[in-house]
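Structure data follow from run_14.pdb (PDB, C-alpha atoms and all ligand atoms):
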ATOM      1  CA  MET F   1      50.533  33.620 -21.946  1.00  0.00           C
ATOM      2  CA  SER F   2      48.259  33.256 -24.982  1.00  0.00           C
ATOM      3  CA  TRP F   3      45.484  35.711 -25.749  1.00  0.00           C
ATOM      4  CA  HIS F   4      42.825  33.014 -25.184  1.00  0.00           C
ATOM      5  CA  LEU F   5      44.298  31.941 -21.850  1.00  0.00           C
ATOM      6  CA  ASN F   6      44.591  35.565 -20.746  1.00  0.00           C
ATOM      7  CA  HIS F   7      40.955  36.217 -21.573  1.00  0.00           C
ATOM      8  CA  TRP F   8      39.757  32.985 -19.998  1.00  0.00           C
ATOM      9  CA  ARG F   9      41.632  33.937 -16.824  1.00  0.00           C
ATOM     10  CA  PHE F  10      40.337  37.489 -16.947  1.00  0.00           C
ATOM     11  CA  ASP F  11      36.694  36.372 -17.348  1.00  0.00           C
ATOM     12  CA  SER F  12      37.136  33.879 -14.541  1.00  0.00           C
ATOM     13  CA  VAL F  13      38.526  36.557 -12.177  1.00  0.00           C
ATOM     14  CA  LEU F  14      35.692  38.953 -13.028  1.00  0.00           C
ATOM     15  CA  LYS F  15      33.187  36.261 -12.058  1.00  0.00           C
ATOM     16  CA  HIS F  16      34.798  35.524  -8.700  1.00  0.00           C
ATOM     17  CA  GLU F  17      36.197  38.847  -7.468  1.00  0.00           C
ATOM     18  CA  ALA F  18      33.851  41.607  -6.397  1.00  0.00           C
ATOM     19  CA  ILE F  19      33.953  45.032  -4.820  1.00  0.00           C
ATOM     20  CA  PRO F  20      30.769  45.957  -2.943  1.00  0.00           C
ATOM     21  CA  GLU F  21      28.891  48.565  -4.981  1.00  0.00           C
ATOM     22  CA  THR F  22      28.688  51.006  -2.042  1.00  0.00           C
ATOM     23  CA  ILE F  23      32.489  50.964  -1.752  1.00  0.00           C
ATOM     24  CA  TRP F  24      33.024  51.383  -5.493  1.00  0.00           C
ATOM     25  CA  GLN F  25      30.575  54.300  -5.693  1.00  0.00           C
ATOM     26  CA  LYS F  26      32.393  56.006  -2.828  1.00  0.00           C
ATOM     27  CA  LEU F  27      35.856  55.459  -4.302  1.00  0.00           C
ATOM     28  CA  ILE F  28      35.106  56.739  -7.809  1.00  0.00           C
ATOM     29  CA  HIS F  29      34.721  60.166  -6.251  1.00  0.00           C
ATOM     30  CA  LEU F  30      38.383  60.227  -5.280  1.00  0.00           C
ATOM     31  CA  HIS F  31      39.912  63.467  -6.465  1.00  0.00           C
ATOM     32  CA  CYS F  32      42.493  61.829  -8.735  1.00  0.00           C
ATOM     33  CA  LEU F  33      39.733  60.051 -10.718  1.00  0.00           C
ATOM     34  CA  LYS F  34      37.913  63.257 -11.609  1.00  0.00           C
ATOM     35  CA  GLY F  35      36.639  63.368 -15.192  1.00  0.00           C
ATOM     36  CA  LEU F  36      37.065  59.669 -16.033  1.00  0.00           C
ATOM     37  CA  ASN F  37      34.227  58.676 -18.388  1.00  0.00           C
ATOM     38  CA  SER F  38      32.063  55.578 -17.944  1.00  0.00           C
ATOM     39  CA  GLU F  39      34.190  53.491 -20.309  1.00  0.00           C
ATOM     40  CA  GLU F  40      37.390  54.415 -18.447  1.00  0.00           C
ATOM     41  CA  LEU F  41      35.739  53.650 -15.093  1.00  0.00           C
ATOM     42  CA  LYS F  42      34.625  50.257 -16.410  1.00  0.00           C
ATOM     43  CA  HIS F  43      38.191  49.474 -17.514  1.00  0.00           C
ATOM     44  CA  LEU F  44      39.551  50.728 -14.175  1.00  0.00           C
ATOM     45  CA  HIS F  45      37.073  48.459 -12.362  1.00  0.00           C
ATOM     46  CA  GLU F  46      38.332  45.430 -14.318  1.00  0.00           C
ATOM     47  CA  LEU F  47      41.949  46.350 -13.620  1.00  0.00           C
ATOM     48  CA  VAL F  48      41.219  46.743  -9.900  1.00  0.00           C
ATOM     49  CA  LEU F  49      39.613  43.292  -9.751  1.00  0.00           C
ATOM     50  CA  MET F  50      42.612  41.736 -11.511  1.00  0.00           C
ATOM     51  CA  PHE F  51      44.967  43.680  -9.236  1.00  0.00           C
ATOM     52  CA  LEU F  52      43.216  42.441  -6.087  1.00  0.00           C
ATOM     53  CA  HIS F  53      43.226  38.911  -7.457  1.00  0.00           C
ATOM     54  CA  THR F  54      46.942  38.834  -8.311  1.00  0.00           C
ATOM     55  CA  LYS F  55      48.465  40.923  -5.495  1.00  0.00           C
ATOM     56  CA  VAL F  56      48.628  40.227  -1.784  1.00  0.00           C
ATOM     57  CA  ILE F  57      47.937  43.049   0.665  1.00  0.00           C
ATOM     58  CA  ASN F  58      49.300  42.276   4.126  1.00  0.00           C
ATOM     59  CA  ASN F  59      49.089  44.258   7.324  1.00  0.00           C
ATOM     60  CA  ALA F  60      51.795  45.298   9.764  1.00  0.00           C
ATOM     61  CA  HIS F  61      51.673  46.376  13.424  1.00  0.00           C
ATOM     62  CA  GLY F  62      48.181  44.926  13.867  1.00  0.00           C
ATOM     63  CA  LEU F  63      46.442  47.188  11.347  1.00  0.00           C
ATOM     64  CA  GLU F  64      43.093  45.666  10.363  1.00  0.00           C
ATOM     65  CA  ILE F  65      42.705  45.835   6.575  1.00  0.00           C
ATOM     66  CA  THR F  66      39.117  46.074   5.373  1.00  0.00           C
ATOM     67  CA  ASP F  67      37.695  45.517   1.879  1.00  0.00           C
ATOM     68  CA  GLU F  68      37.381  49.267   1.494  1.00  0.00           C
ATOM     69  CA  MET F  69      41.067  49.775   2.357  1.00  0.00           C
ATOM     70  CA  ARG F  70      42.126  47.107  -0.162  1.00  0.00           C
ATOM     71  CA  ALA F  71      39.984  48.721  -2.864  1.00  0.00           C
ATOM     72  CA  THR F  72      41.256  52.215  -1.948  1.00  0.00           C
ATOM     73  CA  ILE F  73      44.847  51.099  -2.518  1.00  0.00           C
ATOM     74  CA  ALA F  74      44.032  49.118  -5.670  1.00  0.00           C
ATOM     75  CA  ILE F  75      42.055  51.855  -7.410  1.00  0.00           C
ATOM     76  CA  GLN F  76      44.838  54.423  -6.934  1.00  0.00           C
ATOM     77  CA  ALA F  77      47.524  51.888  -7.886  1.00  0.00           C
ATOM     78  CA  CYS F  78      45.655  51.067 -11.106  1.00  0.00           C
ATOM     79  CA  LEU F  79      45.085  54.676 -12.169  1.00  0.00           C
ATOM     80  CA  PRO F  80      48.662  55.155 -13.518  1.00  0.00           C
ATOM     81  CA  ILE F  81      48.400  51.954 -15.582  1.00  0.00           C
ATOM     82  CA  LEU F  82      44.863  52.598 -16.836  1.00  0.00           C
ATOM     83  CA  ASN F  83      46.156  52.945 -20.414  1.00  0.00           C
ATOM     84  CA  LEU F  84      49.285  50.836 -19.941  1.00  0.00           C
ATOM     85  CA  ASP F  85      48.847  47.279 -18.675  1.00  0.00           C
ATOM     86  CA  LEU F  86      48.758  45.318 -15.414  1.00  0.00           C
ATOM     87  CA  GLU F  87      51.918  43.569 -16.695  1.00  0.00           C
ATOM     88  CA  TYR F  88      53.836  46.695 -15.678  1.00  0.00           C
ATOM     89  CA  TYR F  89      53.347  45.415 -12.109  1.00  0.00           C
ATOM     90  CA  ASP F  90      54.497  41.852 -12.812  1.00  0.00           C
ATOM     91  CA  ASN F  91      57.799  42.115 -10.878  1.00  0.00           C
ATOM     92  CA  TRP F  92      56.246  42.044  -7.443  1.00  0.00           C
ATOM     93  CA  ILE F  93      53.267  40.603  -5.567  1.00  0.00           C
ATOM     94  CA  GLU F  94      53.171  41.895  -2.011  1.00  0.00           C
ATOM     95  CA  ILE F  95      51.993  45.192  -0.540  1.00  0.00           C
ATOM     96  CA  ILE F  96      52.451  45.778   3.196  1.00  0.00           C
ATOM     97  CA  VAL F  97      50.370  48.430   4.932  1.00  0.00           C
ATOM     98  CA  TYR F  98      51.457  50.007   8.226  1.00  0.00           C
ATOM     99  CA  PRO F  99      49.067  52.084  10.360  1.00  0.00           C
ATOM    100  CA  GLY F 100      51.305  55.146  10.008  1.00  0.00           C
ATOM    101  CA  GLU F 101      54.883  56.117   9.208  1.00  0.00           C
ATOM    102  CA  PHE F 102      57.380  53.333   9.768  1.00  0.00           C
ATOM    103  CA  ILE F 103      61.111  52.901  10.360  1.00  0.00           C
ATOM    104  CA  LEU F 104      63.389  51.579   7.650  1.00  0.00           C
ATOM    105  CA  ASP F 105      66.565  50.128   9.047  1.00  0.00           C
ATOM    106  CA  TYR F 106      68.964  48.271   6.773  1.00  0.00           C
ATOM    107  CA  ASP F 107      72.551  48.159   5.540  1.00  0.00           C
ATOM    108  CA  TYR F 108      73.519  48.359   1.896  1.00  0.00           C
ATOM    109  CA  VAL F 109      76.781  48.154  -0.032  1.00  0.00           C
ATOM    110  CA  ASP F 110      77.487  50.867  -2.614  1.00  0.00           C
ATOM    111  CA  ASN F 111      79.188  50.262  -5.967  1.00  0.00           C
ATOM    112  CA  ILE F 112      82.682  50.729  -4.501  1.00  0.00           C
ATOM    113  CA  GLY F 113      82.053  48.230  -1.689  1.00  0.00           C
ATOM    114  CA  ILE F 114      81.408  50.607   1.216  1.00  0.00           C
ATOM    115  CA  VAL F 115      78.666  49.520   3.627  1.00  0.00           C
ATOM    116  CA  HIS F 116      76.131  52.211   4.510  1.00  0.00           C
ATOM    117  CA  ARG F 117      73.547  52.106   7.292  1.00  0.00           C
ATOM    118  CA  ASN F 118      70.093  53.394   6.381  1.00  0.00           C
ATOM    119  CA  HIS F 119      67.829  54.389   9.244  1.00  0.00           C
ATOM    120  CA  LYS F 120      64.882  56.639   8.448  1.00  0.00           C
ATOM    121  CA  ILE F 121      61.207  57.224   9.154  1.00  0.00           C
ATOM    122  CA  VAL F 122      59.149  57.028   5.953  1.00  0.00           C
ATOM    123  CA  SER F 123      55.567  56.910   4.697  1.00  0.00           C
ATOM    124  CA  GLY F 124      56.276  54.565   1.783  1.00  0.00           C
ATOM    125  CA  GLU F 125      58.978  52.356   0.320  1.00  0.00           C
ATOM    126  CA  THR F 126      59.311  50.362  -2.897  1.00  0.00           C
ATOM    127  CA  TRP F 127      61.571  47.439  -3.760  1.00  0.00           C
ATOM    128  CA  PHE F 128      62.014  46.228  -7.336  1.00  0.00           C
ATOM    129  CA  THR F 129      60.683  42.724  -6.616  1.00  0.00           C
ATOM    130  CA  GLY F 130      58.467  43.903  -3.787  1.00  0.00           C
ATOM    131  CA  PRO F 131      57.172  44.515  -1.326  1.00  0.00           C
ATOM    132  CA  ILE F 132      55.593  47.936  -1.770  1.00  0.00           C
ATOM    133  CA  ILE F 133      55.217  49.358   1.743  1.00  0.00           C
ATOM    134  CA  LEU F 134      52.635  52.045   2.530  1.00  0.00           C
ATOM    135  CA  SER F 135      51.461  54.026   5.552  1.00  0.00           C
ATOM    136  CA  TRP F 136      47.660  54.003   5.825  1.00  0.00           C
ATOM    137  CA  GLN F 137      47.705  57.344   7.640  1.00  0.00           C
ATOM    138  CA  ASP F 138      49.412  58.882   4.605  1.00  0.00           C
ATOM    139  CA  ILE F 139      47.047  57.189   2.154  1.00  0.00           C
ATOM    140  CA  ILE F 140      44.063  58.884   3.769  1.00  0.00           C
ATOM    141  CA  CYS F 141      45.871  62.250   3.901  1.00  0.00           C
ATOM    142  CA  THR F 142      45.820  62.435   0.099  1.00  0.00           C
ATOM    143  CA  SER F 143      44.302  65.714  -0.964  1.00  0.00           C
ATOM    144  CA  GLU F 144      43.942  68.064  -3.891  1.00  0.00           C
ATOM    145  CA  PHE F 145      45.422  70.841  -1.768  1.00  0.00           C
ATOM    146  CA  ASN F 146      48.765  69.236  -0.948  1.00  0.00           C
ATOM    147  CA  HIS F 147      49.107  67.471  -4.359  1.00  0.00           C
ATOM    148  CA  ARG F 148      50.136  64.367  -2.444  1.00  0.00           C
ATOM    149  CA  ASN F 149      49.228  60.792  -3.213  1.00  0.00           C
ATOM    150  CA  ILE F 150      51.490  58.245  -1.559  1.00  0.00           C
ATOM    151  CA  VAL F 151      49.993  55.321  -3.513  1.00  0.00           C
ATOM    152  CA  ILE F 152      50.662  56.942  -6.895  1.00  0.00           C
ATOM    153  CA  HIS F 153      54.115  57.967  -5.631  1.00  0.00           C
ATOM    154  CA  GLU F 154      55.189  54.440  -4.719  1.00  0.00           C
ATOM    155  CA  PHE F 155      53.697  52.833  -7.818  1.00  0.00           C
ATOM    156  CA  ALA F 156      55.414  55.449  -9.999  1.00  0.00           C
ATOM    157  CA  HIS F 157      58.677  54.159  -8.449  1.00  0.00           C
ATOM    158  CA  THR F 158      57.822  50.628  -9.571  1.00  0.00           C
ATOM    159  CA  LEU F 159      57.318  51.893 -13.151  1.00  0.00           C
ATOM    160  CA  ASP F 160      60.562  53.875 -13.019  1.00  0.00           C
ATOM    161  CA  MET F 161      62.493  50.792 -11.832  1.00  0.00           C
ATOM    162  CA  LEU F 162      61.482  48.829 -14.932  1.00  0.00           C
ATOM    163  CA  HIS F 163      64.122  50.640 -16.989  1.00  0.00           C
ATOM    164  CA  GLU F 164      67.742  50.762 -15.746  1.00  0.00           C
ATOM    165  CA  GLY F 165      66.756  51.025 -12.065  1.00  0.00           C
ATOM    166  CA  ALA F 166      65.331  53.980 -10.181  1.00  0.00           C
ATOM    167  CA  ASN F 167      66.684  56.905 -12.204  1.00  0.00           C
ATOM    168  CA  GLY F 168      63.563  58.918 -13.025  1.00  0.00           C
ATOM    169  CA  CYS F 169      63.142  57.413 -16.489  1.00  0.00           C
ATOM    170  CA  PRO F 170      60.562  54.625 -16.913  1.00  0.00           C
ATOM    171  CA  PRO F 171      60.484  52.489 -20.085  1.00  0.00           C
ATOM    172  CA  LEU F 172      59.378  54.949 -22.764  1.00  0.00           C
ATOM    173  CA  HIS F 173      56.999  54.107 -25.614  1.00  0.00           C
ATOM    174  CA  ALA F 174      57.981  53.940 -29.298  1.00  0.00           C
ATOM    175  CA  ASN F 175      56.371  57.342 -29.971  1.00  0.00           C
ATOM    176  CA  MET F 176      58.523  59.019 -27.297  1.00  0.00           C
ATOM    177  CA  SER F 177      62.043  60.420 -27.474  1.00  0.00           C
ATOM    178  CA  ALA F 178      64.518  59.333 -24.787  1.00  0.00           C
ATOM    179  CA  SER F 179      66.676  62.416 -25.388  1.00  0.00           C
ATOM    180  CA  ALA F 180      63.650  64.745 -25.089  1.00  0.00           C
ATOM    181  CA  TRP F 181      62.704  63.048 -21.780  1.00  0.00           C
ATOM    182  CA  ARG F 182      66.287  63.282 -20.455  1.00  0.00           C
ATOM    183  CA  ASN F 183      66.732  66.917 -21.479  1.00  0.00           C
ATOM    184  CA  ILE F 184      63.396  68.106 -20.109  1.00  0.00           C
ATOM    185  CA  PHE F 185      63.606  66.221 -16.808  1.00  0.00           C
ATOM    186  CA  SER F 186      67.272  67.030 -16.115  1.00  0.00           C
ATOM    187  CA  ARG F 187      66.779  70.747 -16.890  1.00  0.00           C
ATOM    188  CA  HIS F 188      63.746  71.014 -14.598  1.00  0.00           C
ATOM    189  CA  TYR F 189      65.370  68.874 -11.904  1.00  0.00           C
ATOM    190  CA  ALA F 190      68.496  71.078 -11.834  1.00  0.00           C
ATOM    191  CA  SER F 191      66.389  74.224 -11.655  1.00  0.00           C
ATOM    192  CA  PHE F 192      64.193  72.714  -8.897  1.00  0.00           C
ATOM    193  CA  CYS F 193      67.282  71.750  -6.858  1.00  0.00           C
ATOM    194  CA  ARG F 194      68.626  75.312  -7.168  1.00  0.00           C
ATOM    195  CA  GLN F 195      65.304  76.616  -5.829  1.00  0.00           C
ATOM    196  CA  THR F 196      65.275  74.261  -2.838  1.00  0.00           C
ATOM    197  CA  GLU F 197      68.970  74.916  -2.069  1.00  0.00           C
ATOM    198  CA  ALA F 198      68.208  78.657  -2.038  1.00  0.00           C
ATOM    199  CA  GLU F 199      65.313  77.828   0.334  1.00  0.00           C
ATOM    200  CA  GLN F 200      62.829  79.397  -2.065  1.00  0.00           C
ATOM    201  CA  GLU F 201      59.201  78.405  -1.704  1.00  0.00           C
ATOM    202  CA  THR F 202      58.223  75.726  -4.227  1.00  0.00           C
ATOM    203  CA  VAL F 203      54.771  74.800  -5.519  1.00  0.00           C
ATOM    204  CA  ILE F 204      55.792  71.142  -5.540  1.00  0.00           C
ATOM    205  CA  ASP F 205      56.952  69.150  -2.499  1.00  0.00           C
ATOM    206  CA  PRO F 206      60.663  69.996  -1.956  1.00  0.00           C
ATOM    207  CA  TYR F 207      61.250  66.280  -1.317  1.00  0.00           C
ATOM    208  CA  ALA F 208      61.303  65.993  -5.130  1.00  0.00           C
ATOM    209  CA  ALA F 209      64.845  67.433  -5.009  1.00  0.00           C
ATOM    210  CA  GLU F 210      66.072  64.282  -3.214  1.00  0.00           C
ATOM    211  CA  SER F 211      66.958  62.478  -6.495  1.00  0.00           C
ATOM    212  CA  PRO F 212      65.776  62.202 -10.137  1.00  0.00           C
ATOM    213  CA  ALA F 213      63.753  59.121  -9.061  1.00  0.00           C
ATOM    214  CA  GLU F 214      61.931  61.105  -6.351  1.00  0.00           C
ATOM    215  CA  PHE F 215      61.428  63.977  -8.820  1.00  0.00           C
ATOM    216  CA  PHE F 216      59.621  61.596 -11.204  1.00  0.00           C
ATOM    217  CA  ALA F 217      57.533  60.035  -8.404  1.00  0.00           C
ATOM    218  CA  VAL F 218      56.505  63.387  -6.883  1.00  0.00           C
ATOM    219  CA  LEU F 219      55.667  64.862 -10.309  1.00  0.00           C
ATOM    220  CA  SER F 220      53.563  61.782 -11.062  1.00  0.00           C
ATOM    221  CA  GLU F 221      51.564  62.545  -7.910  1.00  0.00           C
ATOM    222  CA  VAL F 222      51.028  66.143  -9.065  1.00  0.00           C
ATOM    223  CA  PHE F 223      50.167  64.977 -12.613  1.00  0.00           C
ATOM    224  CA  PHE F 224      47.213  62.956 -11.293  1.00  0.00           C
ATOM    225  CA  GLU F 225      46.245  64.966  -8.200  1.00  0.00           C
ATOM    226  CA  SER F 226      46.687  68.510  -9.501  1.00  0.00           C
ATOM    227  CA  PRO F 227      47.166  68.502 -13.293  1.00  0.00           C
ATOM    228  CA  PHE F 228      46.415  72.242 -13.504  1.00  0.00           C
ATOM    229  CA  THR F 229      49.402  72.955 -11.261  1.00  0.00           C
ATOM    230  CA  LEU F 230      51.813  70.817 -13.258  1.00  0.00           C
ATOM    231  CA  LYS F 231      50.598  72.063 -16.627  1.00  0.00           C
ATOM    232  CA  GLN F 232      50.915  75.660 -15.455  1.00  0.00           C
ATOM    233  CA  HIS F 233      54.359  75.408 -13.842  1.00  0.00           C
ATOM    234  CA  MET F 234      56.082  72.683 -15.896  1.00  0.00           C
ATOM    235  CA  PRO F 235      54.171  72.279 -19.196  1.00  0.00           C
ATOM    236  CA  SER F 236      56.920  70.318 -20.948  1.00  0.00           C
ATOM    237  CA  ILE F 237      57.082  67.825 -18.036  1.00  0.00           C
ATOM    238  CA  TYR F 238      53.288  67.543 -18.154  1.00  0.00           C
ATOM    239  CA  GLU F 239      53.520  66.712 -21.860  1.00  0.00           C
ATOM    240  CA  GLN F 240      56.118  63.951 -21.275  1.00  0.00           C
ATOM    241  CA  LEU F 241      54.079  62.403 -18.447  1.00  0.00           C
ATOM    242  CA  ALA F 242      50.917  62.532 -20.599  1.00  0.00           C
ATOM    243  CA  LEU F 243      52.806  60.629 -23.305  1.00  0.00           C
ATOM    244  CA  PHE F 244      54.147  58.075 -20.845  1.00  0.00           C
ATOM    245  CA  TYR F 245      50.925  57.464 -18.888  1.00  0.00           C
ATOM    246  CA  ARG F 246      48.832  57.842 -22.089  1.00  0.00           C
ATOM    247  CA  GLN F 247      46.442  60.027 -20.131  1.00  0.00           C
ATOM    248  CA  ASP F 248      45.554  63.721 -20.111  1.00  0.00           C
ATOM    249  CA  PRO F 249      44.099  64.488 -16.648  1.00  0.00           C
ATOM    250  CA  PHE F 250      44.125  68.243 -17.377  1.00  0.00           C
ATOM    251  CA  LYS F 251      41.818  67.728 -20.353  1.00  0.00           C
ATOM    252  CA  ARG F 252      39.446  65.431 -18.488  1.00  0.00           C
ATOM    253  CA  TRP F 253      39.298  67.860 -15.560  1.00  0.00           C
ATOM    254  CA  ILE F 254      38.279  70.817 -17.721  1.00  0.00           C
ATOM    255  CA  ASN F 255      35.648  68.632 -19.413  1.00  0.00           C
ATOM    256  CA  ALA F 256      34.311  67.287 -16.088  1.00  0.00           C
TER     257      ALA F 256
HETATM  258 ZN    ZN K 301      59.826  58.077  -3.201  1.00  0.00          ZN
END
Translate the structure of the given file into structure tokens.
Amino acid sequence: MSWHLNHWRFDSVLKHEAIPETIWQKLIHLHCLKGLNSEELKHLHELVLMFLHTKVINNAHGLEITDEMRATIAIQACLPILNLDLEYYDNWIEIIVYPGEFILDYDYVDNIGIVHRNHKIVSGETWFTGPIILSWQDIICTSEFNHRNIVIHEFAHTLDMLHEGANGCPPLHANMSASAWRNIFSRHYASFCRQTEAEQETVIDPYAAESPAEFFAVLSEVFFESPFTLKQHMPSIYEQLALFYRQDPFKRWINA
């Protein structure tokens, strides 16, 4: 799409989409947005409007989705791409929101042709071409104390999947080193798995040991929800995520 067409479309969306001011003023106090300056908030607002215009948020199990719920999901989904681009979310359109945890029940064939049955209760799920499925109960449980943010978690998966599938390595920028990313993440992942296997207490959700993809998604949650924790316990991971997301939440928190 040409620059002019993009901007025409963007201006047109800004004229027709709106988030009630009372809702926006409430949402900008979300913990993960702490320290964003007025320019960043203005850009985030534009991204959120474009996001709501281009994505479809559907309900499941009779959940009534209000404007505030739509904006709550959009603002947290747009935070990771604040300094990237909405195009990172081009592969999918639909988000489905359940009232609470939901059951995933499907069969899949592995790379040697064996069929596996998957039956589990989850709070979120992401497919490469959509939908992104979220539990509303888990969205509102987001807190600075548990470092959890299910929206950031699932959208981090969508970014990860853009490069060679869900393997914990999103498409890196030209100023980043793929070998540095691989070395740092695999070293920390191996050490984290040893800790969880030994049933040692971990600062970060032990679910991160599930796979390199979950490690990346969980650490992305901590990066935005509790940057002090990540910078203190895994500074080299923090540095890689700051390069990828082109954000430094630790710095904006200490300046807030
Ligand atoms: Zn996950």
Distance query range 84-101 of chain F at most 6 Å, all atoms listed in the file, self and fewer than 3 positions along chain excluded, as a ChimeraX atom specification = /F:55-60,63,81,122-123,129-137
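With all atoms listed in the file as the atoms that count, the set of residues no farther than 8 Å from ligand ZN 301 (chain K) is Gly124, Glu125, Thr126, His153, Glu154, His157, Ala213, Glu214, Ala217 and Val218 of chain F.
Comparing F:Asn83, F:Ser12, F:Ser177, F:Gln232 by their smallest distance to Leu44 in chain F, the closest is F:Asn83 (using all atoms listed in the file).
A straight line drawn from CA of Thr158 in chain F to CA of Pro20 in chain F is 28.2 Å long.
Taking CA of Gly35 in chain F and CA of Asn255 in chain F as endpoints, the distance between them is 6.8 Å.
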Got a sec: who's within 8 Å of range 226-230 of chain F, counting all atoms listed in the file, leaving out chain neighbours fewer than 6 positions off, as an NGL selection string?
-> :F and (32 or 144 or 147 or 219 or 237-238 or 249-250)
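Distance annotation: of F:Ile19, F:Thr142, F:Glu239, F:Lys120, the residue with the minimal separation from Asp107 in chain F is F:Lys120; atom set is only C-alpha atoms.
Straight-line separation from CA of Ser38 in chain F to CA of Glu21 in chain F: 15.1 Å.
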